[in-house]
Amino acid sequence: MSALLEVERVTMRFGGLTAVDDASMAVPEGAITGLIGPNGAGKTTLFAVISGFLAPTAGRVRYRGDDITDLSVHVRAERGIARTFQVVQPFAGLSVRENIAVGAYLRHAAREEALAAAGAVAERVGLTRMLDQQAGALTVAGRKRLELARALATEPTLLLLDEVLAGLNPSEIRDMIPVIRRIRDDGITILIVEHVMQAVMNLCDRVHVIAQGKLIAEGTPAEVARNPRVVEAYLGHGAAERMLRVQGGG
Amino acid sequence: MSALRPYAAILAVLAVLAVLPVVFTSGTMQNFLIFTLIVALAGQGWNLLGGYGGQFSFGHASFFGTGAYAIAILQERLGLNPWLALPIAIGLGALVGAVIGTLAFRARLRGSYFALVTLAFAEVFRIVANVLPVTGGAAGILIRLNVDPLNFQFADRAAFHWLTLLFLGAVMLLVRALERGRFGARLVAVRENEDAARALGVDVLRVKIAAITLSGAITAAAGCLYAQKFLYLDAMIAYGPWISVEALLAPIIGGLGTVFGPVLGAFVLHGIGELTKTWIATLTGGALPGVDLVLFGVLLIITVGFAPRGILGLLPRLRVRAA
């Protein structure tokens, strides 16, 4: 598996605050890669750099070997990089179908083709019954699916998912996981920023862990969960040692 | 026939509007109708940028005045036939739109900042037009009376009514076509959420500049018709705030981001405005200048407060949607 996306020594500073510090990671083609970390670790910042919403202070982002650091967001979308938003952003004045069509228009200039493509995408994410509803009338779960559908409608090669499961209840998460897995099986590479651990463990082929702006671990979900540095990042200094002691004593 | 269905309602409304000068034959009434259609046309221009694109301009006088002055100056100072001057004047309106749009949108001005900048542009145009010799300065510019259809002047008021309606109709059909296509979808996406639009591959800057360019052209056409109808311009008429206000009030009151909004709004505004003026005049025995403006203000407050989607928004069932 070659890397579709490479983050090379990216640093992002806001004034005196270093949100992302010299981070390097690779997203292999055809897999689901997770980016996790405790609150305020820099996940969202790194995600914004990768998707083009923030220009990094230092470092490069490469996609298919090309340097895309300076490309604007819409050009990245044309190249095949799509993203969703953690805070869902439906176009309130439009129906679900029209919302998805905005994405589909990137590859289909004609109305009929774009609307047909939107219908096909809606089926992939389970929104077919809601196609003619106003987007503003959807439930949170529906809106998350709409985020996914719109991004998919741009026919991406790389899909960046920003906490697409946050705010869903456990049964909605269970419904959503196979949808994401199916997208991967259709050949779309996925980078997912996620809080919901159940999802990360279930979905991701590989996981990168970021804490205090630094990437501290990388591996399969099981490997990462056992990594003492990761445990400490989440639970505090000394936590790994204490856990080991507890396990040893019990 | 099914390809025409989205346009049927527009054609029906145009047919009704076309019959009006046959039904109402008084000069006052016909002048009122033509003026209202011109306002509706200016409002269509504003609505494309403001209603569909969400970029509220407070200075559409820049485009209206540029169209009006351009056709008058080309005709009177350079001796160009007004029919030839018309496309040039519309083109200049588009150019002014493109320039203001490029400057304002490149600087990422949004909301009230964008509105203020457009207002500032219109005021600068007004002040400059008030002193330049070519515009006739404060004395204004007069288009010589020479009634001849070849000269854009018609003996019959109905003819000018139909000509204005032709422009309005063409723009309404164009707006409906845009609404149903890629550009319209992207424009609404930009209005609703720029970041989300960008993430879906929409070049937000380009869409906004295209919208203001087209908007400028449409409102400039309204200016051209105004100049040819009333044959006199000064800086206050061409670039005055009145037309900026008319152009935005009509769509806001009629229904933002809808094809029929500006037309309905223009008729409601001017209908009620004229009625109030006559009513006040008969009641008090004298005219009360500006009473229609007071009324416009009240209507705007009521609309924004209680019907933010305008009159058409109150009738969602009747709203003809592009299905």
# chains A, B, ... in the order shown; residues from 1 in each chain; ligands from 1
$ interface_residues --of "chain A" --to "chain B" --cutoff "8 Å" --atoms "only C-alpha atoms" --output "MDAnalysis selection string"
chainID A and resid 73:78 82:85 89:93 98 101:103 105:106 109:111 150:151 154
$ residues_around --residues "A:Arg129" --least-positions-apart "6" --cutoff "12 Å" --atoms "only C-alpha atoms" --output "ChimeraX atom specification"
/A:96-97,119,122-123,138,142
$ residues_around --residues "stretch 230-235 of chain A" --least-positions-apart "5" --cutoff "12 Å" --atoms "only C-alpha atoms" --output "VMD selection string"
chain A and resid 36 to 41 195 197 207 to 219 221 to 225 240 to 244
$ residues_around --residues "A:Asn202" --least-positions-apart "2" --cutoff "10 Å" --atoms "only C-alpha atoms" --output "list of chain:residue names"
A:Ile177, A:Pro178, A:Arg181, A:Met197, A:Gln198, A:Ala199, A:Val200, A:Cys204, A:Asp205, A:Pro221
$ select_by_dssp --residues "stretch 72-241 of chain A" --states "strand (DSSP E)" --output "list in words"
Ile81, Ala82, Arg83, Leu158, Leu159, Leu160, Leu161, Asp162, Thr189, Ile190, Leu191, Ile192, Val193, Arg206, Val207, His208, Val209, Ile210, Ala211, Lys214, Leu215, Ile216, Ala217, Glu218 and Gly219 of chain A
$ closest_residue --among "B:Ile253, B:Ile311, B:Ala227, B:Leu173" --to "B:Gly297" --atoms "only C-alpha atoms"
B:Ile253
$ closest_atom_pairs --of "stretch 149-171 of chain A" --to "stretch 22-33 of chain A" --cutoff "10 Å" --atoms "only C-alpha atoms" --output "Markdown table"
| residue | atom | partner | partner_atom | distance |
| --- | --- | --- | --- | --- |
| A:Thr157 | CA | A:Glu29 | CA | 8.9 |
| A:Leu158 | CA | A:Glu29 | CA | 8.4 |
| A:Leu159 | CA | A:Ile32 | CA | 9.5 |
| A:Leu160 | CA | A:Thr33 | CA | 9.7 |
$ residues_around --residues "A:Ala55" --least-positions-apart "5" --cutoff "10 Å" --atoms "only C-alpha atoms" --output "PDB file with N, CA, C and O atoms, in the first residue's frame"
ATOM      1  N   VAL A  10       4.699  19.017   9.584  1.00  0.00           N
ATOM      2  CA  VAL A  10       3.803  20.172   9.650  1.00  0.00           C
ATOM      3  C   VAL A  10       3.799  20.776  11.051  1.00  0.00           C
ATOM      4  O   VAL A  10       3.654  20.067  12.044  1.00  0.00           O
ATOM      5  N   THR A  11       3.998  22.080  11.091  1.00  0.00           N
ATOM      6  CA  THR A  11       3.891  22.844  12.333  1.00  0.00           C
ATOM      7  C   THR A  11       2.871  23.942  12.119  1.00  0.00           C
ATOM      8  O   THR A  11       2.829  24.556  11.060  1.00  0.00           O
ATOM      9  N   MET A  12       2.014  24.134  13.108  1.00  0.00           N
ATOM     10  CA  MET A  12       1.027  25.202  13.022  1.00  0.00           C
ATOM     11  C   MET A  12       1.049  25.982  14.320  1.00  0.00           C
ATOM     12  O   MET A  12       0.774  25.430  15.387  1.00  0.00           O
ATOM     13  N   ALA A  48      -7.505  20.607   9.592  1.00  0.00           N
ATOM     14  CA  ALA A  48      -7.738  21.830   8.813  1.00  0.00           C
ATOM     15  C   ALA A  48      -6.574  22.110   7.864  1.00  0.00           C
ATOM     16  O   ALA A  48      -6.774  22.601   6.756  1.00  0.00           O
ATOM     17  N   VAL A  49      -5.366  21.774   8.309  1.00  0.00           N
ATOM     18  CA  VAL A  49      -4.199  21.957   7.435  1.00  0.00           C
ATOM     19  C   VAL A  49      -4.289  20.995   6.251  1.00  0.00           C
ATOM     20  O   VAL A  49      -4.082  21.369   5.099  1.00  0.00           O
ATOM     21  N   ILE A  50      -4.646  19.746   6.550  1.00  0.00           N
ATOM     22  CA  ILE A  50      -4.724  18.746   5.485  1.00  0.00           C
ATOM     23  C   ILE A  50      -5.809  19.100   4.471  1.00  0.00           C
ATOM     24  O   ILE A  50      -5.631  18.977   3.268  1.00  0.00           O
ATOM     25  N   ARG A  60       4.945  20.524   4.765  1.00  0.00           N
ATOM     26  CA  ARG A  60       4.259  20.342   3.489  1.00  0.00           C
ATOM     27  C   ARG A  60       3.202  19.245   3.625  1.00  0.00           C
ATOM     28  O   ARG A  60       3.298  18.366   4.471  1.00  0.00           O
ATOM     29  N   THR A  69       0.265  21.901  -0.519  1.00  0.00           N
ATOM     30  CA  THR A  69       0.177  22.790   0.649  1.00  0.00           C
ATOM     31  C   THR A  69      -0.472  24.134   0.308  1.00  0.00           C
ATOM     32  O   THR A  69      -1.223  24.687   1.093  1.00  0.00           O
ATOM     33  N   ASP A  70      -0.148  24.663  -0.877  1.00  0.00           N
ATOM     34  CA  ASP A  70      -0.615  26.005  -1.206  1.00  0.00           C
ATOM     35  C   ASP A  70      -1.898  26.014  -2.037  1.00  0.00           C
ATOM     36  O   ASP A  70      -2.351  27.076  -2.466  1.00  0.00           O
ATOM     37  N   LEU A  71      -2.459  24.837  -2.306  1.00  0.00           N
ATOM     38  CA  LEU A  71      -3.681  24.804  -3.115  1.00  0.00           C
ATOM     39  C   LEU A  71      -4.886  25.204  -2.275  1.00  0.00           C
ATOM     40  O   LEU A  71      -4.998  24.842  -1.107  1.00  0.00           O
ATOM     41  N   SER A  72      -5.800  25.953  -2.894  1.00  0.00           N
ATOM     42  CA  SER A  72      -6.988  26.345  -2.141  1.00  0.00           C
ATOM     43  C   SER A  72      -7.953  25.164  -2.023  1.00  0.00           C
ATOM     44  O   SER A  72      -7.819  24.152  -2.723  1.00  0.00           O
TER      45      SER A  72
END
$ residues_around --residues "B:Asp156" --least-positions-apart "5" --cutoff "12 Å" --atoms "only C-alpha atoms" --output "ChimeraX atom specification"
/B:21-22,25-27,30-31,147-149,161-163,229
$ closest_residue --among "B:His60, B:Arg77, B:Lys208, B:Arg309" --to "B:Arg126" --atoms "only C-alpha atoms"
B:His60
$ atom_distance --atom1 "atom CA of B:Leu14" --atom2 "atom CA of B:Ala170"
10.0 Å
$ select_by_dssp --residues "stretch 11-89 of chain B" --states "helix (DSSP H, G or I)" --output "PyMOL selection string"
chain B and resi 11-23+27-52+61-76+82-89
$ closest_residue --among "B:Ala104, B:Ile10, B:Ala129, B:Val134" --to "B:Leu78" --atoms "only C-alpha atoms"
B:Val134
$ residues_around --residues "stretch 168-171 of chain A" --least-positions-apart "3" --cutoff "8 Å" --atoms "only C-alpha atoms" --output "MDAnalysis selection string"
chainID A and resid 140:141 165 174:175
$ write_last_selection --atoms "N, CA, C and O atoms" --output "PDB file, in the first residue's frame"
ATOM      1  N   VAL A 140     -30.158  15.064  13.632  1.00  0.00           N
ATOM      2  CA  VAL A 140     -28.694  15.119  13.684  1.00  0.00           C
ATOM      3  C   VAL A 140     -28.100  13.964  12.885  1.00  0.00           C
ATOM      4  O   VAL A 140     -27.183  14.143  12.078  1.00  0.00           O
ATOM      5  N   ALA A 141     -28.633  12.767  13.068  1.00  0.00           N
ATOM      6  CA  ALA A 141     -28.113  11.604  12.350  1.00  0.00           C
ATOM      7  C   ALA A 141     -28.276  11.793  10.845  1.00  0.00           C
ATOM      8  O   ALA A 141     -27.384  11.463  10.061  1.00  0.00           O
ATOM      9  N   LEU A 165     -19.114  10.822  13.647  1.00  0.00           N
ATOM     10  CA  LEU A 165     -19.972  10.059  14.562  1.00  0.00           C
ATOM     11  C   LEU A 165     -20.281  10.812  15.844  1.00  0.00           C
ATOM     12  O   LEU A 165     -21.109  10.370  16.645  1.00  0.00           O
ATOM     13  N   ARG A 174     -23.879   2.538  15.449  1.00  0.00           N
ATOM     14  CA  ARG A 174     -23.863   1.182  14.883  1.00  0.00           C
ATOM     15  C   ARG A 174     -24.364   1.168  13.444  1.00  0.00           C
ATOM     16  O   ARG A 174     -23.874   0.419  12.620  1.00  0.00           O
ATOM     17  N   ASP A 175     -25.350   2.032  13.149  1.00  0.00           N
ATOM     18  CA  ASP A 175     -25.880   2.097  11.782  1.00  0.00           C
ATOM     19  C   ASP A 175     -24.887   2.744  10.819  1.00  0.00           C
ATOM     20  O   ASP A 175     -24.857   2.437   9.639  1.00  0.00           O
TER      21      ASP A 175
END
$ closest_residue --among "B:Ile218, B:Val96, B:Ile90, B:Leu103" --to "B:Leu49" --atoms "only C-alpha atoms"
B:Ile218
